[in-house]
>>> print(open('run.cif').read())   # mmCIF, C-alpha atoms and all ligand atoms
data_data
loop_
_atom_site.label_atom_id
_atom_site.label_comp_id
_atom_site.auth_asym_id
_atom_site.auth_seq_id
_atom_site.Cartn_x
_atom_site.Cartn_y
_atom_site.Cartn_z
CA MET H 1 38.08 101.12 -123.17
CA VAL H 2 37.42 100.60 -119.46
CA TYR H 3 33.90 101.06 -118.12
CA THR H 4 34.12 103.96 -115.61
CA ARG H 5 30.44 104.85 -115.21
CA ASN H 6 30.05 102.97 -111.91
CA MET H 7 32.80 105.08 -110.37
CA GLN H 8 31.68 108.41 -108.98
CA LYS H 9 34.07 111.22 -109.96
CA ILE H 10 34.10 114.09 -107.49
CA ILE H 11 36.00 117.36 -107.77
CA VAL H 12 37.16 118.42 -104.30
CA ALA H 13 38.52 121.95 -103.86
CA ALA H 14 38.68 125.01 -101.64
CA LYS H 15 38.39 128.39 -103.33
CA SER H 16 38.09 131.98 -102.22
CA ASP H 17 35.32 134.37 -103.27
CA ASN H 18 37.57 135.48 -106.15
CA ARG H 19 38.23 131.81 -107.07
CA VAL H 20 41.84 131.72 -105.81
CA ILE H 21 43.03 128.22 -104.93
CA GLY H 22 46.75 128.80 -104.47
CA LYS H 23 49.85 130.92 -104.82
CA ASN H 24 53.51 129.86 -105.24
CA ASN H 25 52.36 126.22 -105.21
CA GLN H 26 50.76 126.45 -101.79
CA LEU H 27 47.45 127.33 -100.18
CA VAL H 28 46.96 130.97 -99.21
CA TRP H 29 44.99 130.41 -95.99
CA ASN H 30 45.25 128.36 -92.85
CA MET H 31 41.77 127.01 -92.16
CA PRO H 32 41.83 123.94 -89.90
CA ALA H 33 38.07 123.44 -90.34
CA ASP H 34 38.57 123.08 -94.08
CA SER H 35 41.60 120.77 -93.69
CA LYS H 36 39.54 118.50 -91.44
CA PHE H 37 36.55 118.55 -93.82
CA PHE H 38 38.84 117.90 -96.80
CA LEU H 39 40.53 114.91 -95.17
CA SER H 40 37.20 113.38 -94.13
CA THR H 41 35.78 113.95 -97.64
CA ILE H 42 38.62 112.10 -99.37
CA GLU H 43 38.96 109.34 -96.75
CA GLY H 44 38.69 105.91 -98.39
CA THR H 45 38.44 107.31 -101.93
CA TYR H 46 40.89 106.93 -104.79
CA LEU H 47 42.70 110.21 -105.56
CA LEU H 48 43.75 111.93 -108.78
CA THR H 49 46.26 114.79 -108.66
CA GLY H 50 48.20 117.00 -111.03
CA ARG H 51 51.97 116.77 -110.73
CA ARG H 52 52.29 120.29 -109.29
CA THR H 53 49.68 119.68 -106.58
CA LEU H 54 51.49 116.50 -105.55
CA GLU H 55 54.64 118.60 -105.14
CA SER H 56 52.83 121.47 -103.38
CA SER H 57 53.21 122.28 -99.71
CA GLN H 58 50.18 120.18 -98.74
CA GLY H 59 51.25 117.21 -100.91
CA ASP H 60 53.09 115.18 -98.27
CA GLU H 61 50.14 115.22 -95.89
CA VAL H 62 47.66 114.09 -98.54
CA PHE H 63 49.60 111.72 -100.81
CA GLY H 64 51.20 109.21 -98.48
CA PRO H 65 51.81 105.49 -98.94
CA HIS H 66 48.50 104.73 -97.21
CA ARG H 67 46.50 106.25 -100.10
CA GLU H 68 45.65 104.96 -103.56
CA PHE H 69 46.23 107.68 -106.15
CA VAL H 70 47.26 108.59 -109.68
CA ILE H 71 49.58 111.47 -110.59
CA ILE H 72 49.02 113.17 -113.94
CA THR H 73 52.08 114.43 -115.83
CA ARG H 74 53.29 114.75 -119.41
CA ASN H 75 56.81 113.81 -118.30
CA LYS H 76 57.38 110.19 -119.32
CA ASN H 77 60.40 109.99 -117.00
CA TYR H 78 58.52 111.15 -113.91
CA GLN H 79 59.29 109.03 -110.86
CA ALA H 80 57.05 109.06 -107.78
CA ASP H 81 57.66 107.41 -104.41
CA ASN H 82 53.98 106.52 -104.07
CA GLY H 83 51.00 106.46 -106.42
CA LYS H 84 50.77 105.54 -110.11
CA VAL H 85 52.03 107.91 -112.81
CA ARG H 86 49.72 108.44 -115.80
CA TYR H 87 50.00 110.73 -118.83
CA SER H 88 46.43 112.02 -119.26
CA ILE H 89 43.42 112.56 -117.04
CA GLU H 90 41.43 109.96 -118.99
CA GLU H 91 44.20 107.40 -118.43
CA GLY H 92 44.21 108.29 -114.73
CA ILE H 93 40.45 107.79 -114.49
CA GLU H 94 40.73 104.41 -116.27
CA THR H 95 43.46 103.31 -113.89
CA ALA H 96 41.29 104.14 -110.87
CA ALA H 97 38.38 102.19 -112.39
CA LYS H 98 40.62 99.20 -113.19
CA ASP H 99 41.82 99.26 -109.59
CA GLY H 100 38.20 98.94 -108.49
CA ALA H 101 37.65 102.45 -107.12
CA LYS H 102 34.03 103.31 -106.29
CA VAL H 103 34.76 107.00 -105.74
CA LEU H 104 37.50 109.05 -107.37
CA SER H 105 38.39 112.37 -105.74
CA ILE H 106 39.84 114.80 -108.27
CA LEU H 107 42.11 117.05 -106.22
CA GLY H 108 43.37 119.61 -108.71
CA GLY H 109 45.11 121.88 -109.19
CA ALA H 110 43.74 124.42 -111.59
CA LYS H 111 44.92 122.68 -114.75
CA ILE H 112 43.33 119.42 -113.66
CA TYR H 113 40.08 121.05 -112.47
CA GLU H 114 39.72 122.88 -115.80
CA GLN H 115 40.03 119.66 -117.78
CA SER H 116 37.86 117.60 -115.39
CA MET H 117 34.79 119.82 -115.26
CA ASP H 118 33.18 117.89 -118.13
CA LEU H 119 34.19 114.48 -116.73
CA ALA H 120 33.06 114.84 -113.10
CA ASP H 121 29.64 113.97 -111.60
CA LYS H 122 29.82 116.10 -108.48
CA MET H 123 31.81 118.89 -106.82
CA ILE H 124 32.41 119.22 -103.09
CA LEU H 125 33.77 122.71 -102.53
CA THR H 126 34.79 124.83 -99.60
CA GLU H 127 34.25 128.52 -100.20
CA ILE H 128 36.60 130.63 -98.11
CA HIS H 129 34.83 133.97 -97.81
CA GLY H 130 37.55 136.47 -98.55
CA ILE H 131 39.40 138.05 -101.46
CA PHE H 132 42.92 136.69 -101.85
CA ASP H 133 45.94 137.39 -103.97
CA GLY H 134 46.79 134.21 -105.88
CA ASP H 135 48.24 132.76 -109.06
CA THR H 136 45.96 129.72 -109.47
CA PHE H 137 42.20 129.84 -109.83
CA PHE H 138 39.24 127.45 -109.77
CA PRO H 139 37.36 127.52 -113.11
CA GLU H 140 34.08 129.38 -113.52
CA ILE H 141 31.18 126.99 -112.81
CA ASP H 142 28.80 126.68 -115.76
CA LEU H 143 25.37 126.80 -114.10
CA THR H 144 23.71 125.38 -117.20
CA LYS H 145 25.55 122.13 -116.41
CA TRP H 146 25.80 122.23 -112.59
CA LYS H 147 23.24 122.72 -109.85
CA GLU H 148 24.04 123.68 -106.26
CA THR H 149 22.39 121.04 -104.05
CA SER H 150 23.73 121.87 -100.60
CA ARG H 151 25.30 124.83 -98.82
CA ILE H 152 26.21 125.17 -95.14
CA ARG H 153 27.84 128.38 -93.92
CA TYR H 154 30.02 128.78 -90.82
CA GLU H 155 31.32 131.91 -89.16
CA LYS H 156 34.99 132.52 -88.49
CA ASP H 157 36.21 131.54 -85.03
CA ALA H 158 39.38 131.48 -82.95
CA GLU H 159 41.03 128.87 -85.20
CA ASN H 160 39.52 129.78 -88.58
CA PRO H 161 40.11 133.39 -89.61
CA TYR H 162 37.48 133.55 -92.40
CA ASP H 163 33.81 132.68 -92.73
CA TYR H 164 33.45 129.58 -94.92
CA SER H 165 30.83 127.42 -96.61
CA PHE H 166 30.73 123.78 -97.59
CA VAL H 167 28.96 123.59 -100.94
CA VAL H 168 27.92 120.65 -103.13
CA TYR H 169 27.19 120.83 -106.86
CA GLU H 170 25.73 118.00 -108.92
CA ARG H 171 25.84 117.70 -112.69
CA THR H 172 22.52 118.40 -114.40
CA GLU H 173 23.36 117.11 -117.89
N1 LIG A 201 42.63 125.11 -102.82
C1 LIG A 201 42.60 123.88 -103.32
O1 LIG A 201 41.62 123.13 -103.14
C2 LIG A 201 43.76 123.37 -104.12
C3 LIG A 201 43.74 122.05 -104.59
C4 LIG A 201 44.83 121.61 -105.35
C5 LIG A 201 45.87 122.48 -105.64
N2 LIG A 201 45.83 123.75 -105.16
C6 LIG A 201 46.87 124.71 -105.50
O2 LIG A 201 46.95 124.76 -106.94
C7 LIG A 201 48.30 124.99 -107.32
C8 LIG A 201 48.75 123.88 -108.25
O3 LIG A 201 47.90 123.86 -109.38
P1 LIG A 201 48.45 123.97 -110.88
O4 LIG A 201 47.30 124.28 -111.75
O5 LIG A 201 49.64 124.86 -110.86
O6 LIG A 201 49.02 122.50 -111.14
P2 LIG A 201 48.34 121.05 -111.23
O7 LIG A 201 47.04 121.11 -111.97
O8 LIG A 201 48.37 120.40 -109.90
O9 LIG A 201 49.44 120.29 -112.11
C9 LIG A 201 49.71 120.73 -113.40
C10 LIG A 201 50.55 119.66 -114.06
O10 LIG A 201 49.77 118.49 -114.26
C11 LIG A 201 50.17 117.88 -115.46
N3 LIG A 201 49.05 117.91 -116.38
C12 LIG A 201 48.01 118.78 -116.43
N4 LIG A 201 47.16 118.46 -117.40
C13 LIG A 201 47.66 117.35 -117.99
C14 LIG A 201 47.24 116.53 -119.08
N5 LIG A 201 46.09 116.78 -119.75
N6 LIG A 201 47.99 115.47 -119.44
C15 LIG A 201 49.12 115.18 -118.77
N7 LIG A 201 49.59 115.92 -117.73
C16 LIG A 201 48.86 117.00 -117.36
C17 LIG A 201 51.37 118.66 -115.97
O11 LIG A 201 52.50 118.10 -115.32
P3 LIG A 201 54.01 118.15 -115.92
O12 LIG A 201 54.40 119.59 -115.87
O13 LIG A 201 54.78 117.28 -114.98
O14 LIG A 201 53.91 117.59 -117.31
C18 LIG A 201 51.08 120.04 -115.42
O15 LIG A 201 52.21 120.88 -115.32
C19 LIG A 201 49.08 125.07 -105.99
O16 LIG A 201 49.16 126.43 -105.59
C20 LIG A 201 48.23 124.30 -105.03
O17 LIG A 201 48.47 124.71 -103.69
C21 LIG A 201 44.80 124.21 -104.40
#
>>> encode(input="run.cif", output="structure tokens")
Amino acid sequence: MVYTRNMQKIIVAAKSDNRVIGKNNQLVWNMPADSKFFLSTIEGTYLLTGRRTLESSQGDEVFGPHREFVIITRNKNYQADNGKVRYSIEEGIETAAKDGAKVLSILGGAKIYEQSMDLADKMILTEIHGIFDGDTFFPEIDLTKWKETSRIRYEKDAENPYDYSFVVYERTE
């Protein structure tokens, strides 16, 4: 058993007001302000991704050879150009800790978020203020276990078609 307590585990996601995070394995909005915030949030951290998110439309931009990351799959034959392939979330977290990560960014998608909610210490979320049609959803946040500690709201502008908020949750138990 590897000691992972010194490594902060942060869920990073963007979700709409109806908790949509994606459709047809891609994002359903184009929000440059969120992309910029997302990239600065994960900069210098170790990443954990589900296999489908790696293969999603935003995968190439995020999971390049310059990043340290683990890919979670049940497929023992899965081959990846970059990153380390692991067969459970726990194994992925242990790999990051063994590699000396101080911060692990858990980048989804829905299947990974659902199973990580009880393992993470913090969530850094972008709320995109709109109702979207999607096929993948962020889990409900259990407010008996999580407390909102920061929220900053921005209005839509010429580049960003929806109002949005950057929100932080910290685990309370
Ligand atoms: N808005 C956002 O912040 C955001 C962030 C990330 C993703 N997304 C969107 O979310 C969608 C993808 O999410 P998703 O839920 O479909 O897929 P996902 O969570 O990225 O990947 C699911 C896959 O991960 C593997 N997996 C999951 N749990 C596992 C476990 N316990 N043990 C071993 N392997 C496990 C399986 O891979 P195998 O099938 O290979 O076994 C499973 O099919 C896309 O639309 C993407 O654009 C949005």
>>> residues_near_ligand(input="run.cif", ligand="ligand LIG 201 (chain A)", cutoff="8 Å", atoms="all atoms listed in the file", output="PyMOL selection string")
chain H and resi 12-15+20-28+49-54+56-58+71-75+78+86-89+107-113+115+125-126+135-137
>>> write_last_selection(input="run.cif", atoms="C-alpha atoms", output="compact mmCIF listing (two decimals), keeping the file's coordinate frame")
# COMPACT_ATOMS: atom_id res chain seq x y z
CA VAL H 12 37.16 118.42 -104.30
CA ALA H 13 38.52 121.95 -103.86
CA ALA H 14 38.68 125.01 -101.64
CA LYS H 15 38.39 128.39 -103.33
CA VAL H 20 41.84 131.72 -105.81
CA ILE H 21 43.03 128.22 -104.93
CA GLY H 22 46.75 128.80 -104.47
CA LYS H 23 49.85 130.92 -104.82
CA ASN H 24 53.51 129.86 -105.24
CA ASN H 25 52.36 126.22 -105.21
CA GLN H 26 50.76 126.45 -101.79
CA LEU H 27 47.45 127.33 -100.18
CA VAL H 28 46.96 130.97 -99.21
CA THR H 49 46.26 114.79 -108.66
CA GLY H 50 48.20 117.00 -111.03
CA ARG H 51 51.97 116.77 -110.73
CA ARG H 52 52.29 120.29 -109.29
CA THR H 53 49.68 119.68 -106.58
CA LEU H 54 51.49 116.50 -105.55
CA SER H 56 52.83 121.47 -103.38
CA SER H 57 53.21 122.28 -99.71
CA GLN H 58 50.18 120.18 -98.74
CA ILE H 71 49.58 111.47 -110.59
CA ILE H 72 49.02 113.17 -113.94
CA THR H 73 52.08 114.43 -115.83
CA ARG H 74 53.29 114.75 -119.41
CA ASN H 75 56.81 113.81 -118.30
CA TYR H 78 58.52 111.15 -113.91
CA ARG H 86 49.72 108.44 -115.80
CA TYR H 87 50.00 110.73 -118.83
CA SER H 88 46.43 112.02 -119.26
CA ILE H 89 43.42 112.56 -117.04
CA LEU H 107 42.11 117.05 -106.22
CA GLY H 108 43.37 119.61 -108.71
CA GLY H 109 45.11 121.88 -109.19
CA ALA H 110 43.74 124.42 -111.59
CA LYS H 111 44.92 122.68 -114.75
CA ILE H 112 43.33 119.42 -113.66
CA TYR H 113 40.08 121.05 -112.47
CA GLN H 115 40.03 119.66 -117.78
CA LEU H 125 33.77 122.71 -102.53
CA THR H 126 34.79 124.83 -99.60
CA ASP H 135 48.24 132.76 -109.06
CA THR H 136 45.96 129.72 -109.47
CA PHE H 137 42.20 129.84 -109.83
>>> closest_residue(input="run.cif", among="H:Glu148, H:Glu68, H:Asp133, H:Glu43", to="Lys84 (chain H)", atoms="only C-alpha atoms")
H:Glu68
>>> atom_distance(input="run.cif", atom1="CA of Glu114 (chain H)", atom2="CA of Lys98 (chain H)")
23.8 Å
>>> atom_distance(input="run.cif", atom1="CA of Ala120 (chain H)", atom2="CA of Arg171 (chain H)")
7.8 Å
>>> residues_near_point(input="run.cif", point="(31.8, 105.1, -112.1)", cutoff="12 Å", atoms="only C-alpha atoms", output="VMD selection string")
chain H and resid 2 to 10 46 93 to 105 119 to 122
>>> decode(input="run.cif", residues="region 161-172 of chain H", atoms="all heavy atoms", output="mmCIF file, in the first residue's frame")
data_model
loop_
_atom_site.group_PDB
_atom_site.id
_atom_site.type_symbol
_atom_site.label_atom_id
_atom_site.label_comp_id
_atom_site.auth_asym_id
_atom_site.auth_seq_id
_atom_site.Cartn_x
_atom_site.Cartn_y
_atom_site.Cartn_z
ATOM 1 N N PRO H 161 -19.779 32.935 -24.739
ATOM 2 C CA PRO H 161 -21.208 33.157 -24.950
ATOM 3 C C PRO H 161 -22.119 32.929 -23.744
ATOM 4 O O PRO H 161 -23.316 33.202 -23.832
ATOM 5 C CB PRO H 161 -21.553 32.170 -26.067
ATOM 6 C CG PRO H 161 -20.474 31.155 -26.063
ATOM 7 C CD PRO H 161 -19.258 31.808 -25.520
ATOM 8 N N TYR H 162 -21.587 32.428 -22.623
ATOM 9 C CA TYR H 162 -22.424 32.186 -21.442
ATOM 10 C C TYR H 162 -21.776 32.814 -20.218
ATOM 11 O O TYR H 162 -20.551 32.874 -20.127
ATOM 12 C CB TYR H 162 -22.586 30.671 -21.182
ATOM 13 C CG TYR H 162 -23.069 29.928 -22.394
ATOM 14 C CD1 TYR H 162 -22.171 29.287 -23.239
ATOM 15 C CD2 TYR H 162 -24.423 29.913 -22.728
ATOM 16 C CE1 TYR H 162 -22.606 28.638 -24.383
ATOM 17 C CE2 TYR H 162 -24.869 29.266 -23.869
ATOM 18 C CZ TYR H 162 -23.953 28.639 -24.691
ATOM 19 O OH TYR H 162 -24.384 28.010 -25.823
ATOM 20 N N ASP H 163 -22.609 33.263 -19.271
ATOM 21 C CA ASP H 163 -22.080 33.624 -17.956
ATOM 22 C C ASP H 163 -21.442 32.367 -17.356
ATOM 23 O O ASP H 163 -21.861 31.235 -17.670
ATOM 24 C CB ASP H 163 -23.196 34.089 -17.018
ATOM 25 C CG ASP H 163 -23.800 35.437 -17.430
ATOM 26 O OD1 ASP H 163 -23.317 36.036 -18.410
ATOM 27 O OD2 ASP H 163 -24.762 35.860 -16.759
ATOM 28 N N TYR H 164 -20.466 32.547 -16.477
ATOM 29 C CA TYR H 164 -19.781 31.384 -15.903
ATOM 30 C C TYR H 164 -19.240 31.743 -14.527
ATOM 31 O O TYR H 164 -19.045 32.923 -14.215
ATOM 32 C CB TYR H 164 -18.641 30.889 -16.820
ATOM 33 C CG TYR H 164 -17.613 31.942 -17.170
ATOM 34 C CD1 TYR H 164 -16.388 32.001 -16.515
ATOM 35 C CD2 TYR H 164 -17.874 32.892 -18.146
ATOM 36 C CE1 TYR H 164 -15.447 32.971 -16.831
ATOM 37 C CE2 TYR H 164 -16.938 33.874 -18.469
ATOM 38 C CZ TYR H 164 -15.726 33.910 -17.811
ATOM 39 O OH TYR H 164 -14.818 34.878 -18.116
ATOM 40 N N SER H 165 -19.023 30.706 -13.719
ATOM 41 C CA SER H 165 -18.472 30.902 -12.371
ATOM 42 C C SER H 165 -17.365 29.896 -12.131
ATOM 43 O O SER H 165 -17.479 28.737 -12.535
ATOM 44 C CB SER H 165 -19.548 30.685 -11.302
ATOM 45 O OG SER H 165 -20.604 31.604 -11.451
ATOM 46 N N PHE H 166 -16.321 30.353 -11.468
ATOM 47 C CA PHE H 166 -15.281 29.451 -10.982
ATOM 48 C C PHE H 166 -15.585 29.178 -9.511
ATOM 49 O O PHE H 166 -15.687 30.111 -8.703
ATOM 50 C CB PHE H 166 -13.894 30.082 -11.138
ATOM 51 C CG PHE H 166 -13.522 30.365 -12.576
ATOM 52 C CD1 PHE H 166 -12.943 31.571 -12.937
ATOM 53 C CD2 PHE H 166 -13.760 29.430 -13.568
ATOM 54 C CE1 PHE H 166 -12.591 31.834 -14.254
ATOM 55 C CE2 PHE H 166 -13.419 29.677 -14.900
ATOM 56 C CZ PHE H 166 -12.835 30.885 -15.249
ATOM 57 N N VAL H 167 -15.731 27.893 -9.181
ATOM 58 C CA VAL H 167 -16.226 27.511 -7.858
ATOM 59 C C VAL H 167 -15.284 26.465 -7.246
ATOM 60 O O VAL H 167 -14.846 25.551 -7.945
ATOM 61 C CB VAL H 167 -17.647 26.905 -7.965
ATOM 62 C CG1 VAL H 167 -18.235 26.648 -6.591
ATOM 63 C CG2 VAL H 167 -18.560 27.817 -8.775
ATOM 64 N N VAL H 168 -14.996 26.631 -5.960
ATOM 65 C CA VAL H 168 -14.151 25.651 -5.261
ATOM 66 C C VAL H 168 -14.966 25.001 -4.146
ATOM 67 O O VAL H 168 -15.686 25.690 -3.419
ATOM 68 C CB VAL H 168 -12.901 26.333 -4.660
ATOM 69 C CG1 VAL H 168 -12.068 25.329 -3.858
ATOM 70 C CG2 VAL H 168 -12.049 26.974 -5.761
ATOM 71 N N TYR H 169 -14.859 23.685 -4.058
ATOM 72 C CA TYR H 169 -15.445 22.930 -2.945
ATOM 73 C C TYR H 169 -14.320 22.215 -2.203
ATOM 74 O O TYR H 169 -13.379 21.709 -2.823
ATOM 75 C CB TYR H 169 -16.405 21.846 -3.451
ATOM 76 C CG TYR H 169 -17.723 22.344 -3.948
ATOM 77 C CD1 TYR H 169 -17.873 22.727 -5.277
ATOM 78 C CD2 TYR H 169 -18.838 22.394 -3.121
ATOM 79 C CE1 TYR H 169 -19.089 23.179 -5.767
ATOM 80 C CE2 TYR H 169 -20.064 22.842 -3.598
ATOM 81 C CZ TYR H 169 -20.186 23.232 -4.917
ATOM 82 O OH TYR H 169 -21.389 23.669 -5.387
ATOM 83 N N GLU H 170 -14.442 22.169 -0.876
ATOM 84 C CA GLU H 170 -13.480 21.415 -0.071
ATOM 85 C C GLU H 170 -14.246 20.349 0.711
ATOM 86 O O GLU H 170 -15.384 20.583 1.158
ATOM 87 C CB GLU H 170 -12.766 22.339 0.934
ATOM 88 C CG GLU H 170 -12.326 23.633 0.319
ATOM 89 C CD GLU H 170 -10.817 23.839 0.272
ATOM 90 O OE1 GLU H 170 -10.070 22.930 0.646
ATOM 91 O OE2 GLU H 170 -10.426 24.937 -0.152
ATOM 92 N N ARG H 171 -13.588 19.239 0.922
ATOM 93 C CA ARG H 171 -14.228 18.142 1.664
ATOM 94 C C ARG H 171 -14.377 18.518 3.139
ATOM 95 O O ARG H 171 -13.462 19.097 3.731
ATOM 96 C CB ARG H 171 -13.369 16.873 1.519
ATOM 97 C CG ARG H 171 -13.830 15.727 2.373
ATOM 98 C CD ARG H 171 -13.033 14.487 2.113
ATOM 99 N NE ARG H 171 -13.284 13.971 0.776
ATOM 100 C CZ ARG H 171 -14.423 13.399 0.394
ATOM 101 N NH1 ARG H 171 -15.432 13.287 1.232
ATOM 102 N NH2 ARG H 171 -14.576 12.968 -0.819
ATOM 103 N N THR H 172 -15.517 18.192 3.712
ATOM 104 C CA THR H 172 -15.730 18.534 5.128
ATOM 105 C C THR H 172 -15.565 17.320 6.042
ATOM 106 O O THR H 172 -15.483 17.468 7.245
ATOM 107 C CB THR H 172 -17.149 19.100 5.352
ATOM 108 O OG1 THR H 172 -18.087 18.160 4.827
ATOM 109 C CG2 THR H 172 -17.311 20.443 4.708
#
